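Notes to accompany the following structure.
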Amino acid sequence: MDIQVLGAHNCESQNSKLVSLLIDDALAIDAGALTSSLSFPAQQKLKTILVTHQHYDHIKDIPTITFNLFLRGATITIYSIPAVFEALTNHLLNGRIYSRLMELPPESPTVKFNVIEPGKSEQIEGYGVLAVPVNHSTPTVGYQITSPDGKIVFYTGDTGPGLADCWEYVSPQLLIIEVTASNRYEEFARESGHLTPALLGQELTVFREVKGYLPQVVLVHMNPELEEEIEAEIAVVAGALNSSIKLAYEGMQIHL
Ligand SMILES: [Zn+2]
Ligand SMILES: [Zn+2]
């Protein structure tokens with residue numbers, strides 16, 4: 001399984017992009033940086049987008065990629081929870097902000113939306129996909145992806161602390177999890193459903209208690225302004241847990 005980090009941050013600029021992961025060129029998770037990172041041919045190779053939740057930084061490129069595919073007569077399937085379907089149809093692809101690409105062209109709409117049921121494993125493009133609820137300020141699911149050769153990654157999407165239940169359902173070799181802010185923003189993180197390095201440390205400690213091991217950990221959704229602080233604080237957490245925790249960056253390639 002080859003995972004490419006297209007966007008690793010929670011703010012966009014010339015040097016930072018919003019969260020998007022690409023798995024083996026076929027499957028994307030979250031749509032913060034799909035058109036800004038991928039060529040037209042690469043966009044056309046994409047068959048499926050899994051969306052964790054409706055916040056704009058995670059759905060931003062859905063209108064632009066679906067419009068590109070519409071012009072080329074291609075289609076794409078989006079999987080997510082009902083709240084995301086409602087947000088896309090009512091507020092984005094609604095005929096006012098952007099074309100109704102879930103209904104156009106009428107004979108074969110560009111976007112097919114499939115509701116995914118948390119806790120129920122599905123086969124999508126040959127991968128096992130399991131959606132698992134996490135703790136954010138709006139309904140959110142993380143995705144565990146199992147490749148045909150048995151490699152397993154779990155991406156949480158945006159989440160705050162309290163993942164003990166979530167850990168019961170997943171057994172990844174690689175955990176891609178968010179850390180949005182540094183430790184001095186813990187109160188903000190708890191209120192808005194995000195993690196800091198110290199909060200991540202507590203969640204990983206629980207993971208090890210529940211599962212008996214720790215996976216490799218890669219962090220996304222960092223606030224670029226706080227990244228140096230986060231990196232220094234993460235080094236302390238990784239040292240205390242004696243584990244590997246890396247900060248993702250745009251263009252990072254991970255081979256599992
Ligand atoms: Zn969010
Ligand atoms: Zn976000």
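All residue names refer to the structure tokens as shown: chains lettered A, B, ... in order, residues numbered from 1 in each chain, ligands numbered from 1 in order.
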Determine which residues of region 16-207 of chain A receive a DSSP assignment of alpha helix (DSSP H), computed from the backbone, and state them as a PyMOL selection string.
chain A and resi 34-37+40-45+56-59+62-71+82-87+164-169+186-192+197-207
Near region 21-36 of chain A, within 6 Å and counting only C-alpha atoms, which residues show up once chain neighbours fewer than 2 positions away are dropped, as a PDB file with all heavy atoms, in the first residue's frame?
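The file below, selection-v1.pdb, is the result:
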```pdb
ATOM      1  N   ASP A   2       0.652   2.126  -0.972  1.00  0.00           N
ATOM      2  CA  ASP A   2       1.392   3.392  -1.025  1.00  0.00           C
ATOM      3  C   ASP A   2       0.450   4.532  -0.688  1.00  0.00           C
ATOM      4  O   ASP A   2      -0.580   4.709  -1.336  1.00  0.00           O
ATOM      5  CB  ASP A   2       1.988   3.608  -2.418  1.00  0.00           C
ATOM      6  CG  ASP A   2       3.183   2.711  -2.647  1.00  0.00           C
ATOM      7  OD1 ASP A   2       4.121   2.766  -1.827  1.00  0.00           O
ATOM      8  OD2 ASP A   2       3.159   1.931  -3.614  1.00  0.00           O
ATOM      9  N   ILE A   3       0.819   5.286   0.333  1.00  0.00           N
ATOM     10  CA  ILE A   3      -0.015   6.399   0.771  1.00  0.00           C
ATOM     11  C   ILE A   3       0.741   7.687   0.484  1.00  0.00           C
ATOM     12  O   ILE A   3       1.913   7.826   0.851  1.00  0.00           O
ATOM     13  CB  ILE A   3      -0.306   6.298   2.279  1.00  0.00           C
ATOM     14  CG1 ILE A   3      -1.037   4.988   2.573  1.00  0.00           C
ATOM     15  CG2 ILE A   3      -1.135   7.493   2.760  1.00  0.00           C
ATOM     16  CD1 ILE A   3      -0.985   4.584   4.016  1.00  0.00           C
ATOM     17  N   GLN A   4       0.048   8.602  -0.182  1.00  0.00           N
ATOM     18  CA  GLN A   4       0.645   9.902  -0.452  1.00  0.00           C
ATOM     19  C   GLN A   4      -0.137  10.956   0.328  1.00  0.00           C
ATOM     20  O   GLN A   4      -1.368  11.000   0.250  1.00  0.00           O
ATOM     21  CB  GLN A   4       0.566  10.171  -1.949  1.00  0.00           C
ATOM     22  CG  GLN A   4       1.519  11.249  -2.401  1.00  0.00           C
ATOM     23  CD  GLN A   4       1.364  11.512  -3.902  1.00  0.00           C
ATOM     24  OE1 GLN A   4       0.931  10.653  -4.663  1.00  0.00           O
ATOM     25  NE2 GLN A   4       1.690  12.714  -4.304  1.00  0.00           N
ATOM     26  N   VAL A   5       0.579  11.771   1.079  1.00  0.00           N
ATOM     27  CA  VAL A   5      -0.064  12.872   1.802  1.00  0.00           C
ATOM     28  C   VAL A   5      -0.120  14.070   0.854  1.00  0.00           C
ATOM     29  O   VAL A   5       0.900  14.664   0.539  1.00  0.00           O
ATOM     30  CB  VAL A   5       0.710  13.229   3.085  1.00  0.00           C
ATOM     31  CG1 VAL A   5       0.016  14.388   3.804  1.00  0.00           C
ATOM     32  CG2 VAL A   5       0.827  12.018   4.000  1.00  0.00           C
ATOM     33  N   LEU A   6      -1.322  14.385   0.381  1.00  0.00           N
ATOM     34  CA  LEU A   6      -1.465  15.520  -0.544  1.00  0.00           C
ATOM     35  C   LEU A   6      -1.550  16.826   0.242  1.00  0.00           C
ATOM     36  O   LEU A   6      -1.020  17.845  -0.168  1.00  0.00           O
ATOM     37  CB  LEU A   6      -2.711  15.348  -1.416  1.00  0.00           C
ATOM     38  CG  LEU A   6      -2.783  14.062  -2.252  1.00  0.00           C
ATOM     39  CD1 LEU A   6      -4.104  13.999  -3.002  1.00  0.00           C
ATOM     40  CD2 LEU A   6      -1.616  13.972  -3.209  1.00  0.00           C
ATOM     41  N   GLY A   7      -2.250  16.792   1.358  1.00  0.00           N
ATOM     42  CA  GLY A   7      -2.369  17.958   2.222  1.00  0.00           C
ATOM     43  C   GLY A   7      -2.230  17.506   3.659  1.00  0.00           C
ATOM     44  O   GLY A   7      -2.783  16.475   4.034  1.00  0.00           O
ATOM     45  N   LEU A  18      -4.684  21.653   2.624  1.00  0.00           N
ATOM     46  CA  LEU A  18      -5.651  21.050   3.548  1.00  0.00           C
ATOM     47  C   LEU A  18      -5.634  19.527   3.410  1.00  0.00           C
ATOM     48  O   LEU A  18      -5.268  18.976   2.378  1.00  0.00           O
ATOM     49  CB  LEU A  18      -7.050  21.603   3.257  1.00  0.00           C
ATOM     50  CG  LEU A  18      -7.153  23.135   3.358  1.00  0.00           C
ATOM     51  CD1 LEU A  18      -8.538  23.614   2.947  1.00  0.00           C
ATOM     52  CD2 LEU A  18      -6.825  23.610   4.765  1.00  0.00           C
ATOM     53  N   VAL A  19      -6.099  18.843   4.444  1.00  0.00           N
ATOM     54  CA  VAL A  19      -5.867  17.396   4.550  1.00  0.00           C
ATOM     55  C   VAL A  19      -6.510  16.617   3.410  1.00  0.00           C
ATOM     56  O   VAL A  19      -7.688  16.777   3.100  1.00  0.00           O
ATOM     57  CB  VAL A  19      -6.386  16.853   5.898  1.00  0.00           C
ATOM     58  CG1 VAL A  19      -6.228  15.331   5.940  1.00  0.00           C
ATOM     59  CG2 VAL A  19      -5.635  17.481   7.053  1.00  0.00           C
ATOM     60  N   LEU A  38      -3.215  17.273  -7.677  1.00  0.00           N
ATOM     61  CA  LEU A  38      -3.198  16.193  -8.675  1.00  0.00           C
ATOM     62  C   LEU A  38      -3.392  16.749 -10.086  1.00  0.00           C
ATOM     63  O   LEU A  38      -4.231  17.633 -10.301  1.00  0.00           O
ATOM     64  CB  LEU A  38      -4.316  15.182  -8.380  1.00  0.00           C
ATOM     65  CG  LEU A  38      -4.210  14.404  -7.073  1.00  0.00           C
ATOM     66  CD1 LEU A  38      -5.448  13.531  -6.876  1.00  0.00           C
ATOM     67  CD2 LEU A  38      -2.947  13.542  -7.058  1.00  0.00           C
ATOM     68  N   LEU A  46      -8.744   8.598 -10.136  1.00  0.00           N
ATOM     69  CA  LEU A  46      -9.386   8.468  -8.833  1.00  0.00           C
ATOM     70  C   LEU A  46     -10.804   7.912  -8.998  1.00  0.00           C
ATOM     71  O   LEU A  46     -11.585   8.427  -9.785  1.00  0.00           O
ATOM     72  CB  LEU A  46      -9.437   9.864  -8.206  1.00  0.00           C
ATOM     73  CG  LEU A  46      -9.520  10.001  -6.711  1.00  0.00           C
ATOM     74  CD1 LEU A  46      -8.404   9.239  -6.027  1.00  0.00           C
ATOM     75  CD2 LEU A  46      -9.433  11.483  -6.354  1.00  0.00           C
ATOM     76  N   LYS A  47     -11.109   6.861  -8.250  1.00  0.00           N
ATOM     77  CA  LYS A  47     -12.423   6.233  -8.383  1.00  0.00           C
ATOM     78  C   LYS A  47     -13.338   6.578  -7.208  1.00  0.00           C
ATOM     79  O   LYS A  47     -14.556   6.583  -7.336  1.00  0.00           O
ATOM     80  CB  LYS A  47     -12.260   4.696  -8.438  1.00  0.00           C
ATOM     81  CG  LYS A  47     -11.457   4.223  -9.634  1.00  0.00           C
ATOM     82  CD  LYS A  47     -12.325   4.231 -10.895  1.00  0.00           C
ATOM     83  CE  LYS A  47     -11.555   3.810 -12.123  1.00  0.00           C
ATOM     84  NZ  LYS A  47     -10.808   4.905 -12.748  1.00  0.00           N
ATOM     85  N   THR A  48     -12.709   6.831  -6.060  1.00  0.00           N
ATOM     86  CA  THR A  48     -13.491   6.935  -4.827  1.00  0.00           C
ATOM     87  C   THR A  48     -12.896   7.978  -3.896  1.00  0.00           C
ATOM     88  O   THR A  48     -11.678   8.075  -3.770  1.00  0.00           O
ATOM     89  CB  THR A  48     -13.468   5.569  -4.090  1.00  0.00           C
ATOM     90  OG1 THR A  48     -14.068   4.602  -4.940  1.00  0.00           O
ATOM     91  CG2 THR A  48     -14.220   5.616  -2.792  1.00  0.00           C
ATOM     92  N   ILE A  49     -13.776   8.754  -3.256  1.00  0.00           N
ATOM     93  CA  ILE A  49     -13.340   9.644  -2.171  1.00  0.00           C
ATOM     94  C   ILE A  49     -14.112   9.254  -0.914  1.00  0.00           C
ATOM     95  O   ILE A  49     -15.345   9.214  -0.929  1.00  0.00           O
ATOM     96  CB  ILE A  49     -13.624  11.129  -2.487  1.00  0.00           C
ATOM     97  CG1 ILE A  49     -13.048  11.537  -3.841  1.00  0.00           C
ATOM     98  CG2 ILE A  49     -13.064  12.025  -1.378  1.00  0.00           C
ATOM     99  CD1 ILE A  49     -13.480  12.934  -4.295  1.00  0.00           C
ATOM    100  N   LEU A  50     -13.389   8.964   0.153  1.00  0.00           N
ATOM    101  CA  LEU A  50     -14.006   8.739   1.458  1.00  0.00           C
ATOM    102  C   LEU A  50     -13.908  10.056   2.221  1.00  0.00           C
ATOM    103  O   LEU A  50     -12.817  10.639   2.309  1.00  0.00           O
ATOM    104  CB  LEU A  50     -13.257   7.654   2.233  1.00  0.00           C
ATOM    105  CG  LEU A  50     -13.041   6.317   1.518  1.00  0.00           C
ATOM    106  CD1 LEU A  50     -12.103   5.436   2.334  1.00  0.00           C
ATOM    107  CD2 LEU A  50     -14.361   5.613   1.303  1.00  0.00           C
ATOM    108  N   VAL A  51     -15.019  10.522   2.771  1.00  0.00           N
ATOM    109  CA  VAL A  51     -15.010  11.820   3.460  1.00  0.00           C
ATOM    110  C   VAL A  51     -15.298  11.586   4.942  1.00  0.00           C
ATOM    111  O   VAL A  51     -16.262  10.891   5.290  1.00  0.00           O
ATOM    112  CB  VAL A  51     -16.049  12.780   2.840  1.00  0.00           C
ATOM    113  CG1 VAL A  51     -16.054  14.119   3.571  1.00  0.00           C
ATOM    114  CG2 VAL A  51     -15.755  12.993   1.359  1.00  0.00           C
ATOM    115  N   ASP A  57     -12.654  22.394   5.341  1.00  0.00           N
ATOM    116  CA  ASP A  57     -11.272  22.024   5.006  1.00  0.00           C
ATOM    117  C   ASP A  57     -11.160  20.582   4.521  1.00  0.00           C
ATOM    118  O   ASP A  57     -10.155  20.194   3.938  1.00  0.00           O
ATOM    119  CB  ASP A  57     -10.311  22.297   6.187  1.00  0.00           C
ATOM    120  CG  ASP A  57     -10.774  21.742   7.514  1.00  0.00           C
ATOM    121  OD1 ASP A  57     -11.989  21.736   7.793  1.00  0.00           O
ATOM    122  OD2 ASP A  57      -9.908  21.305   8.305  1.00  0.00           O
ATOM    123  N   HIS A  58     -12.204  19.772   4.723  1.00  0.00           N
ATOM    124  CA  HIS A  58     -12.172  18.362   4.309  1.00  0.00           C
ATOM    125  C   HIS A  58     -12.983  18.090   3.040  1.00  0.00           C
ATOM    126  O   HIS A  58     -12.886  17.003   2.477  1.00  0.00           O
ATOM    127  CB  HIS A  58     -12.642  17.468   5.468  1.00  0.00           C
ATOM    128  CG  HIS A  58     -11.773  17.638   6.672  1.00  0.00           C
ATOM    129  ND1 HIS A  58     -10.828  16.705   7.056  1.00  0.00           N
ATOM    130  CD2 HIS A  58     -11.654  18.673   7.558  1.00  0.00           C
ATOM    131  CE1 HIS A  58     -10.176  17.153   8.114  1.00  0.00           C
ATOM    132  NE2 HIS A  58     -10.664  18.346   8.454  1.00  0.00           N
ATOM    133  N   ILE A  59     -13.782  19.069   2.611  1.00  0.00           N
ATOM    134  CA  ILE A  59     -14.606  18.874   1.404  1.00  0.00           C
ATOM    135  C   ILE A  59     -14.290  19.902   0.315  1.00  0.00           C
ATOM    136  O   ILE A  59     -14.898  19.878  -0.750  1.00  0.00           O
ATOM    137  CB  ILE A  59     -16.120  18.941   1.733  1.00  0.00           C
ATOM    138  CG1 ILE A  59     -16.497  20.319   2.303  1.00  0.00           C
ATOM    139  CG2 ILE A  59     -16.523  17.831   2.688  1.00  0.00           C
ATOM    140  CD1 ILE A  59     -18.004  20.524   2.460  1.00  0.00           C
ATOM    141  N   LYS A  60     -13.337  20.756   0.589  1.00  0.00           N
ATOM    142  CA  LYS A  60     -13.096  21.920  -0.270  1.00  0.00           C
ATOM    143  C   LYS A  60     -12.982  21.600  -1.759  1.00  0.00           C
ATOM    144  O   LYS A  60     -13.534  22.302  -2.596  1.00  0.00           O
ATOM    145  CB  LYS A  60     -11.833  22.637   0.214  1.00  0.00           C
ATOM    146  CG  LYS A  60     -11.387  23.777  -0.657  1.00  0.00           C
ATOM    147  CD  LYS A  60     -10.103  24.361  -0.104  1.00  0.00           C
ATOM    148  CE  LYS A  60      -9.261  25.001  -1.176  1.00  0.00           C
ATOM    149  NZ  LYS A  60      -8.576  24.078  -2.068  1.00  0.00           N
ATOM    150  N   ASP A  61     -12.244  20.544  -2.119  1.00  0.00           N
ATOM    151  CA  ASP A  61     -11.999  20.270  -3.541  1.00  0.00           C
ATOM    152  C   ASP A  61     -13.040  19.339  -4.168  1.00  0.00           C
ATOM    153  O   ASP A  61     -12.869  18.932  -5.311  1.00  0.00           O
ATOM    154  CB  ASP A  61     -10.592  19.697  -3.737  1.00  0.00           C
ATOM    155  CG  ASP A  61      -9.516  20.787  -3.682  1.00  0.00           C
ATOM    156  OD1 ASP A  61      -9.878  21.961  -3.434  1.00  0.00           O
ATOM    157  OD2 ASP A  61      -8.331  20.471  -3.877  1.00  0.00           O
ATOM    158  N   ILE A  65     -12.997  19.042  -8.222  1.00  0.00           N
ATOM    159  CA  ILE A  65     -12.643  17.769  -8.879  1.00  0.00           C
ATOM    160  C   ILE A  65     -13.847  17.195  -9.620  1.00  0.00           C
ATOM    161  O   ILE A  65     -13.718  16.668 -10.724  1.00  0.00           O
ATOM    162  CB  ILE A  65     -12.019  16.741  -7.902  1.00  0.00           C
ATOM    163  CG1 ILE A  65     -11.381  15.613  -8.740  1.00  0.00           C
ATOM    164  CG2 ILE A  65     -13.031  16.147  -6.919  1.00  0.00           C
ATOM    165  CD1 ILE A  65     -10.464  14.709  -7.959  1.00  0.00           C
TER     166      ILE A  65
END
```
Set out as JSON lines a contact list for chain A and ligand 2 with a cut-off of 10 Å, giving each residue of chain A that qualifies its closest atom pair and distance in Å to one decimal, counting only C-alpha atoms and all ligand atoms, ordered by chain and rising residue number.
```
{"residue": "A:His9", "atom": "CA", "partner": "ligand 2", "partner_atom_place_in_ligand_line": "1 (Zn)", "distance": 8.3}
{"residue": "A:Asn10", "atom": "CA", "partner": "ligand 2", "partner_atom_place_in_ligand_line": "1 (Zn)", "distance": 5.6}
{"residue": "A:Cys11", "atom": "CA", "partner": "ligand 2", "partner_atom_place_in_ligand_line": "1 (Zn)", "distance": 8.8}
{"residue": "A:Leu18", "atom": "CA", "partner": "ligand 2", "partner_atom_place_in_ligand_line": "1 (Zn)", "distance": 7.9}
{"residue": "A:Val19", "atom": "CA", "partner": "ligand 2", "partner_atom_place_in_ligand_line": "1 (Zn)", "distance": 7.4}
{"residue": "A:Asp30", "atom": "CA", "partner": "ligand 2", "partner_atom_place_in_ligand_line": "1 (Zn)", "distance": 9.6}
{"residue": "A:Gly32", "atom": "CA", "partner": "ligand 2", "partner_atom_place_in_ligand_line": "1 (Zn)", "distance": 8.9}
{"residue": "A:Thr52", "atom": "CA", "partner": "ligand 2", "partner_atom_place_in_ligand_line": "1 (Zn)", "distance": 9.4}
{"residue": "A:His53", "atom": "CA", "partner": "ligand 2", "partner_atom_place_in_ligand_line": "1 (Zn)", "distance": 8.5}
{"residue": "A:Gln54", "atom": "CA", "partner": "ligand 2", "partner_atom_place_in_ligand_line": "1 (Zn)", "distance": 9.0}
{"residue": "A:His55", "atom": "CA", "partner": "ligand 2", "partner_atom_place_in_ligand_line": "1 (Zn)", "distance": 6.2}
{"residue": "A:Tyr56", "atom": "CA", "partner": "ligand 2", "partner_atom_place_in_ligand_line": "1 (Zn)", "distance": 7.5}
{"residue": "A:Asp57", "atom": "CA", "partner": "ligand 2", "partner_atom_place_in_ligand_line": "1 (Zn)", "distance": 5.3}
{"residue": "A:His58", "atom": "CA", "partner": "ligand 2", "partner_atom_place_in_ligand_line": "1 (Zn)", "distance": 6.0}
{"residue": "A:Ile59", "atom": "CA", "partner": "ligand 2", "partner_atom_place_in_ligand_line": "1 (Zn)", "distance": 9.5}
{"residue": "A:His136", "atom": "CA", "partner": "ligand 2", "partner_atom_place_in_ligand_line": "1 (Zn)", "distance": 9.6}
{"residue": "A:Gly157", "atom": "CA", "partner": "ligand 2", "partner_atom_place_in_ligand_line": "1 (Zn)", "distance": 7.5}
{"residue": "A:Asp158", "atom": "CA", "partner": "ligand 2", "partner_atom_place_in_ligand_line": "1 (Zn)", "distance": 5.6}
{"residue": "A:Thr159", "atom": "CA", "partner": "ligand 2", "partner_atom_place_in_ligand_line": "1 (Zn)", "distance": 8.9}
{"residue": "A:Glu178", "atom": "CA", "partner": "ligand 2", "partner_atom_place_in_ligand_line": "1 (Zn)", "distance": 8.8}
{"residue": "A:Thr180", "atom": "CA", "partner": "ligand 2", "partner_atom_place_in_ligand_line": "1 (Zn)", "distance": 8.4}
{"residue": "A:Gly193", "atom": "CA", "partner": "ligand 2", "partner_atom_place_in_ligand_line": "1 (Zn)", "distance": 9.9}
{"residue": "A:His194", "atom": "CA", "partner": "ligand 2", "partner_atom_place_in_ligand_line": "1 (Zn)", "distance": 8.8}
{"residue": "A:Val220", "atom": "CA", "partner": "ligand 2", "partner_atom_place_in_ligand_line": "1 (Zn)", "distance": 9.6}
{"residue": "A:His221", "atom": "CA", "partner": "ligand 2", "partner_atom_place_in_ligand_line": "1 (Zn)", "distance": 6.5}
{"residue": "A:Met222", "atom": "CA", "partner": "ligand 2", "partner_atom_place_in_ligand_line": "1 (Zn)", "distance": 9.4}
```
Output N, CA, C and O atoms of each residue in that selection to a file, as a CSV table (one decimal), in the first residue's frame.
```csv
chain,number,residue,atom,x,y,z
A,9,HIS,N,-2.3,19.9,6.5
A,9,HIS,CA,-2.5,21.0,7.4
A,9,HIS,C,-3.9,21.4,7.6
A,9,HIS,O,-4.8,20.9,6.8
A,10,ASN,N,-4.2,22.3,8.5
A,10,ASN,CA,-5.6,22.8,8.7
A,10,ASN,C,-5.8,24.2,8.1
A,10,ASN,O,-6.8,24.8,8.3
A,11,CYS,N,-4.7,24.8,7.6
A,11,CYS,CA,-4.8,26.1,6.9
A,11,CYS,C,-4.1,26.0,5.6
A,11,CYS,O,-3.0,25.3,5.4
A,18,LEU,N,-4.7,21.7,2.6
A,18,LEU,CA,-5.7,21.1,3.5
A,18,LEU,C,-5.6,19.5,3.4
A,18,LEU,O,-5.3,19.0,2.4
A,19,VAL,N,-6.1,18.8,4.4
A,19,VAL,CA,-5.9,17.4,4.5
A,19,VAL,C,-6.5,16.6,3.4
A,19,VAL,O,-7.7,16.8,3.1
A,30,ASP,N,-10.6,12.3,2.3
A,30,ASP,CA,-10.8,13.8,2.5
A,30,ASP,C,-10.3,14.5,1.2
A,30,ASP,O,-9.5,14.0,0.5
A,32,GLY,N,-9.3,18.0,0.8
A,32,GLY,CA,-8.8,19.3,1.1
A,32,GLY,C,-7.8,19.8,0.0
A,32,GLY,O,-7.6,21.0,-0.2
A,52,THR,N,-14.5,12.2,5.8
A,52,THR,CA,-14.6,12.0,7.2
A,52,THR,C,-15.7,12.8,7.9
A,52,THR,O,-16.5,12.3,8.7
A,53,HIS,N,-15.9,14.0,7.4
A,53,HIS,CA,-16.9,14.9,8.0
A,53,HIS,C,-17.1,16.1,7.1
A,53,HIS,O,-16.4,16.3,6.1
A,54,GLN,N,-18.1,17.0,7.4
A,54,GLN,CA,-18.5,18.0,6.5
A,54,GLN,C,-17.7,19.3,6.6
A,54,GLN,O,-18.0,20.2,5.8
A,55,HIS,N,-16.8,19.5,7.6
A,55,HIS,CA,-16.1,20.7,7.7
A,55,HIS,C,-15.4,21.1,6.4
A,55,HIS,O,-14.8,20.2,5.7
A,56,TYR,N,-15.4,22.4,6.1
A,56,TYR,CA,-15.0,22.9,4.7
A,56,TYR,C,-13.6,22.4,4.4
A,56,TYR,O,-13.3,22.1,3.2
A,57,ASP,N,-12.7,22.4,5.3
A,57,ASP,CA,-11.3,22.0,5.0
A,57,ASP,C,-11.2,20.6,4.5
A,57,ASP,O,-10.2,20.2,3.9
A,58,HIS,N,-12.2,19.8,4.7
A,58,HIS,CA,-12.2,18.4,4.3
A,58,HIS,C,-13.0,18.1,3.0
A,58,HIS,O,-12.9,17.0,2.5
A,59,ILE,N,-13.8,19.1,2.6
A,59,ILE,CA,-14.6,18.9,1.4
A,59,ILE,C,-14.3,19.9,0.3
A,59,ILE,O,-14.9,19.9,-0.8
A,136,HIS,N,-15.6,14.6,17.4
A,136,HIS,CA,-15.3,15.9,16.9
A,136,HIS,C,-16.5,16.7,17.1
A,136,HIS,O,-17.5,16.3,17.7
A,157,GLY,N,-9.3,11.2,10.8
A,157,GLY,CA,-10.0,12.5,10.5
A,157,GLY,C,-9.8,13.4,11.7
A,157,GLY,O,-8.9,13.2,12.5
A,158,ASP,N,-10.6,14.5,11.8
A,158,ASP,CA,-10.5,15.4,13.0
A,158,ASP,C,-11.1,14.7,14.2
A,158,ASP,O,-12.2,14.2,14.2
A,159,THR,N,-10.4,14.8,15.3
A,159,THR,CA,-10.9,14.1,16.5
A,159,THR,C,-10.3,14.8,17.8
A,159,THR,O,-9.1,15.2,17.8
A,178,GLU,N,-4.8,13.2,13.8
A,178,GLU,CA,-4.6,14.7,13.8
A,178,GLU,C,-3.9,15.2,15.1
A,178,GLU,O,-4.2,14.6,16.2
A,180,THR,N,-3.8,19.2,16.0
A,180,THR,CA,-4.0,20.5,15.4
A,180,THR,C,-3.2,21.6,16.1
A,180,THR,O,-2.8,22.6,15.4
A,193,GLY,N,-12.8,19.7,19.7
A,193,GLY,CA,-12.7,18.3,19.3
A,193,GLY,C,-11.4,18.2,18.4
A,193,GLY,O,-11.5,17.7,17.3
A,194,HIS,N,-10.3,18.6,19.0
A,194,HIS,CA,-9.0,18.4,18.4
A,194,HIS,C,-8.0,17.8,19.4
A,194,HIS,O,-8.3,17.7,20.6
A,220,VAL,N,-1.3,14.6,11.0
A,220,VAL,CA,-1.8,15.6,10.0
A,220,VAL,C,-2.6,16.7,10.7
A,220,VAL,O,-2.8,16.6,11.9
A,221,HIS,N,-3.1,17.7,9.9
A,221,HIS,CA,-4.0,18.7,10.4
A,221,HIS,C,-3.3,19.7,11.3
A,221,HIS,O,-4.0,20.4,12.1
A,222,MET,N,-2.0,19.8,11.2
A,222,MET,CA,-1.3,20.8,12.1
A,222,MET,C,-1.6,22.2,11.6
A,222,MET,O,-1.7,22.5,10.4
```
Can you pull out the residues contacting Gln144 (chain A)? Cut-off 12 Å, using only C-alpha atoms, and skip same-chain residues under 5 positions away; I want them as a ChimeraX atom specification.
/A:23,29,50,52,118-124,127-133,150-157,166-167,169-177
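Of the residues under consideration (A:Pro106, A:Ser243, A:Phe85, A:Thr140), A:Thr140 shows the shortest atom-to-atom contact distance to ligand 1 when counting only C-alpha atoms and all ligand atoms.
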Distance in Å - CA of Thr110 (chain A) versus CA of Gln43 (chain A):
13.2 Å
Could you give me, as a tab-separated table (two decimals) with C-alpha atoms, in the first residue's frame, each residue of region 58-223 of chain A that DSSP assigns to strand (DSSP E) when run on this structure's backbone?
```tsv
chain	number	residue	atom	x	y	z
A	76	ILE	CA	-16.61	9.30	-9.06
A	77	THR	CA	-18.13	7.71	-5.98
A	78	ILE	CA	-18.12	9.53	-2.65
A	79	TYR	CA	-18.63	7.55	0.54
A	80	SER	CA	-19.51	9.18	3.82
A	111	VAL	CA	-21.04	12.03	-8.48
A	112	LYS	CA	-22.54	8.94	-6.96
A	113	PHE	CA	-22.92	9.21	-3.18
A	114	ASN	CA	-22.96	6.06	-1.05
A	115	VAL	CA	-23.83	6.24	2.63
A	122	GLU	CA	-17.32	-2.83	3.17
A	123	GLN	CA	-15.30	-3.78	0.10
A	124	ILE	CA	-14.53	-0.67	-1.95
A	127	TYR	CA	-9.99	-2.57	-0.18
A	128	GLY	CA	-11.66	-3.39	3.10
A	129	VAL	CA	-13.09	-0.12	4.45
A	130	LEU	CA	-14.36	0.29	7.99
A	131	ALA	CA	-15.81	3.62	9.18
A	132	VAL	CA	-15.39	4.24	12.92
A	133	PRO	CA	-16.95	7.20	14.80
A	141	VAL	CA	-15.87	8.95	11.12
A	142	GLY	CA	-12.30	7.75	10.76
A	143	TYR	CA	-11.52	5.12	8.13
A	144	GLN	CA	-9.57	1.88	8.50
A	145	ILE	CA	-8.37	0.71	5.09
A	146	THR	CA	-7.14	-2.85	4.54
A	152	ILE	CA	-3.81	-1.77	7.39
A	153	VAL	CA	-3.95	2.00	7.92
A	154	PHE	CA	-6.36	3.91	10.14
A	155	TYR	CA	-6.93	7.63	9.53
A	174	LEU	CA	-0.03	2.77	10.57
A	175	LEU	CA	-2.12	5.36	12.42
A	176	ILE	CA	-2.65	8.70	10.71
A	177	ILE	CA	-4.12	10.99	13.35
A	178	GLU	CA	-4.60	14.69	13.82
A	216	GLN	CA	3.71	3.82	13.51
A	217	VAL	CA	2.09	7.22	13.90
A	218	VAL	CA	1.92	10.02	11.34
A	219	LEU	CA	0.35	13.38	12.22
A	220	VAL	CA	-1.78	15.60	10.00
```
Shell around region 67-70 of chain A at 7 Å using only C-alpha atoms, local window under 4 positions removed, as a count of residues only
5
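The shortest atom-to-atom distance to ligand 1, with only C-alpha atoms and all ligand atoms taken into account, belongs to A:Pro139 out of A:Ser108, A:Pro139, A:Phe40, A:Ala8.
For the atom pair formed by atom 1 (Zn, counted along the ligand's line) of ligand 1 and CA of Ala238 (chain A), the distance is 24.9 Å, given to one decimal.
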Extract, using only C-alpha atoms, all DNA, RNA and protein residues at most 10 Å from Thr89 (chain A), discarding same-chain residues fewer than 6 positions from it, and format them as a PyMOL selection string.
chain A and resi 95+98-103
